[in-house]
Amino acid sequence: MDKWLPKIPLADWIDTFVDWLTTTFGGLFDGVSSAVENSVDGIVKVLGLLPPIILAIIIGLLALWLTKKSIAIFSFIGFLIIDYLGYWDAMLNTLALVLTSVIISIVVGIPIGIWSSQKAMVRKIVTPILDFMQTMPAFVYLLPAIFFFNIGVVPGVVASVIFAMPPTIRLTILGIQQVPADIIEATESFGSTTSQRLLKVQLPLAMPTIMAGINQSIMLALSMVVIASMVGAPGLGEEVYRAVTQLKIGVGVEAGIAIVIVAIVLDRITQNAGKRKKRGNL
């Protein structure tokens, strides 16, 4: 059936806009690429200085401090299993990619969440952007990331940040808004300023909810490791992707188990860090 309206050349407009960004901000993209790549390489080198048994003990002790004995034992044994299966170096690359993505998400996301919680107009602008970021297929983020940052770990980190940041922003907004109104009224009656109320009352009380957002960002960043491997990001995702393309079921399952171990350890540690913070505020 003939269309009675001409098609809007949206794809051409987007291509033109991307070309303009690349030409205008090429130096900025190169700087961001170098910073991200150096951060990931730095984390890998620092973690690689420790023998696997020492790093496993450190992670186990951290889990024991924040969680309980069973999770600590699982963390210790789980990381030793990863080393035994031969995926230690890949795990370090994955851990560096996830940590870099989550750190960027926290540094950018929490201030945006705080700003949005204080300004209704900012919240109205930010909310549909977050909806777009969470509903757009993750594979689509790889296209501009590759175009701006070439093949490698950087587009994987950029795509992971875009995909993982919304929970941090949303739950920061939610945590601050859920602070009881009577507490806010009490601080105002004592003459506290907006910054004092935010830093000394709202943020401490909202911290468990913010930690829940960080936990979700970690899980989403981990879910991107296989997708990021398609653009050259190293790590466990690369092992899974190679196993899929070569139909090596056993290798794929082994690498998948390593990802699950890392995910469970990070999930339990960050979950209980939020609970520990909540108990400290009570």
# chains A, B, ... in the order shown; residues from 1 in each chain; ligands from 1
>>> residues_around(residues="Ala96 of chain A", least_positions_apart="6", cutoff="6 Å", atoms="only C-alpha atoms", output="list in words")
Val40, Ile43 and Val44 of chain A
>>> residues_around(residues="segment 252-261 of chain A", least_positions_apart="5", cutoff="12 Å", atoms="only C-alpha atoms", output="ChimeraX atom specification")
/A:71,74-95,98,219,221-226,235-247,266-268
>>> closest_residue(among="A:Asp131, A:Asp12, A:Asp19, A:Asp41", to="Phe163 of chain A", atoms="only C-alpha atoms")
A:Asp131
>>> closest_residue(among="A:Val161, A:Ala72, A:Gly152, A:Gln202", to="Gln118 of chain A", atoms="only C-alpha atoms")
A:Gln202
>>> closest_atom_pairs(of="segment 73-148 of chain A", to="segment 174-193 of chain A", cutoff="9 Å", atoms="only C-alpha atoms", output="JSON lines")
{"residue": "A:Gly113", "atom": "CA", "partner": "A:Leu174", "partner_atom": "CA", "distance": 8.7}
{"residue": "A:Ile114", "atom": "CA", "partner": "A:Ile176", "partner_atom": "CA", "distance": 7.6}
{"residue": "A:Ser117", "atom": "CA", "partner": "A:Ile176", "partner_atom": "CA", "distance": 6.6}
{"residue": "A:Gln118", "atom": "CA", "partner": "A:Ile176", "partner_atom": "CA", "distance": 8.9}
>>> select_by_dssp(residues="segment 5-39 of chain A", states="alpha helix (DSSP H)", output="MDAnalysis selection string")
chainID A and resid 10:24 26:39
